[in-house]
Amino acid sequence: MIHRHEFTVETLLRLHGREMDLSLVTGAGGLSRRITSPELNRPGLAFAGFYDVFAHDRIQILGNTEMSYLRSLPPAERAERLKTTLSFPMPCIIVTELNEITPDVVTIADASGVPLLRTSLPTTRLVSLLNAELERVFAPTMNVHGDLLDVFGMGTLIMGSSGVGKSECALDLIERGHRLVADDQVILRRLSKETLIGRSSDVLKYHMEIRGIGILDIEKLFGVAAVAEEKSVDLVVWLERWNEEVEYERLGIDQQTHLMFDVEVPKYVIPVQPGRNISIMAEMAALTQRLKNSGVNP
């Protein structure tokens, strides 16, 4: 997982150069420049001499319009506009659709230390891919204590107090054919108003701690089909020790929710007691929520 403070132009090229068909034209010395915003900018107004609202801290995208305008300018005026625009600190410039890049653009970009990249992709396609990746990198994050699994296609986050049996329940679910995303520490990212995506940390990836046994490598024990890189969080299964004084839900009429960021995730409280099969109840919670999401309330 790449953290936002580590996301540089070099990182973008290394991880997504093939997918986005990016190649470096000049400015290799500036590859360590950090990308600090998920937003993109098209600097047409800047090239026209208007800098009052120039979003220079963003990746600059030059499409057909911007490149045609630059080529239409007299060489001396084009050089002046380019030098002024590239004097602002910016991560990089990406020219789309294999537009012709005049030699003076390359020279000025190199002198300014700004990485100049090009791609064969249309502008709208590149912007779509970049937006999706940058939204992931710059999405708000939080760590929660629990286990995240893919249960019948539903991202099921198992939570509860320490020692209540979260990892044991998760291990039983894996044995029953479901997939592990994260154990103990789940990293959540908010991608949209109602979408949370969870994944494991790079250190704990696909490993589980089971009291009395130790650390288990789930990928090696159960195979690659037993693990998943990430998963949306569709419901929370909250495990707690059985309390005789608590009236637990029996009809399922009242839907509880668990607030993470400001997203309300459906929550199912399952009391743990000897003799109760917690993994089956977690499966039933996932299936019940799947029905509710399709408009059917049992």
# chains A, B, ... in the order shown; residues from 1 in each chain; ligands from 1
$ residues_around --residues "Gln273 (chain A)" --least-positions-apart "2" --cutoff "8 Å" --atoms "only C-alpha atoms" --output "number ranges by chain"
A: 241-242, 271, 275-276
$ write_last_selection --atoms "C-alpha atoms" --output "mmCIF file, in the first residue's frame"
data_model
loop_
_atom_site.group_PDB
_atom_site.id
_atom_site.type_symbol
_atom_site.label_atom_id
_atom_site.label_comp_id
_atom_site.auth_asym_id
_atom_site.auth_seq_id
_atom_site.Cartn_x
_atom_site.Cartn_y
_atom_site.Cartn_z
ATOM 1 C CA ARG A 241 -19.801 -12.227 25.716
ATOM 2 C CA TRP A 242 -23.309 -13.359 26.608
ATOM 3 C CA PRO A 271 -23.607 -12.906 21.893
ATOM 4 C CA GLY A 275 -22.077 -24.273 22.290
ATOM 5 C CA ARG A 276 -23.047 -21.479 19.861
#
$ closest_atom_pairs --of "region 87-187 of chain A" --to "region 56-60 of chain A" --cutoff "9 Å" --atoms "only C-alpha atoms" --output "CSV"
residue,atom,partner,partner_atom,distance
A:Phe88,CA,A:His56,CA,6.2
A:Pro89,CA,A:His56,CA,6.4
A:Met90,CA,A:Asp57,CA,4.9
A:Pro91,CA,A:Ile59,CA,5.7
A:Cys92,CA,A:Ile59,CA,5.5
A:Ile93,CA,A:Gln60,CA,4.7
A:Ile94,CA,A:Gln60,CA,6.3
A:Val95,CA,A:Gln60,CA,8.6
$ closest_residue --among "A:Asp217, A:Glu229, A:Asp202, A:Glu6" --to "Arg179 (chain A)" --atoms "only C-alpha atoms"
A:Glu229
$ closest_residue --among "A:Leu235, A:Leu62, A:Val105, A:Ala139" --to "Leu287 (chain A)" --atoms "only C-alpha atoms"
A:Leu235
$ closest_residue --among "A:Thr156, A:Thr102, A:Ser162, A:Ser23" --to "Ser279 (chain A)" --atoms "only C-alpha atoms"
A:Thr156
$ select_by_dssp --residues "region 4-134 of chain A" --states "alpha helix (DSSP H)" --output "MDAnalysis selection string"
chainID A and resid 9:16 44:47 64:72 75:86 103:112 123:134
$ select_by_dssp --residues "region 90-294 of chain A" --states "strand (DSSP E or B)" --output "count of residues only"
76
$ residues_around --residues "Thr8 (chain A)" --least-positions-apart "6" --cutoff "7 Å" --atoms "only C-alpha atoms" --output "list in words"
Leu31, Ser32, Arg33, Arg34 and Ile35 of chain A
$ write_last_selection --atoms "C-alpha atoms" --output "PDB file, in the first residue's frame"
ATOM      1  CA  LEU A  31      10.797  12.266 -10.503  1.00  0.00           C
ATOM      2  CA  SER A  32      11.062  12.562  -6.716  1.00  0.00           C
ATOM      3  CA  ARG A  33       8.487  15.367  -6.704  1.00  0.00           C
ATOM      4  CA  ARG A  34       5.551  14.449  -4.487  1.00  0.00           C
ATOM      5  CA  ILE A  35       1.985  14.348  -5.729  1.00  0.00           C
TER       6      ILE A  35
END
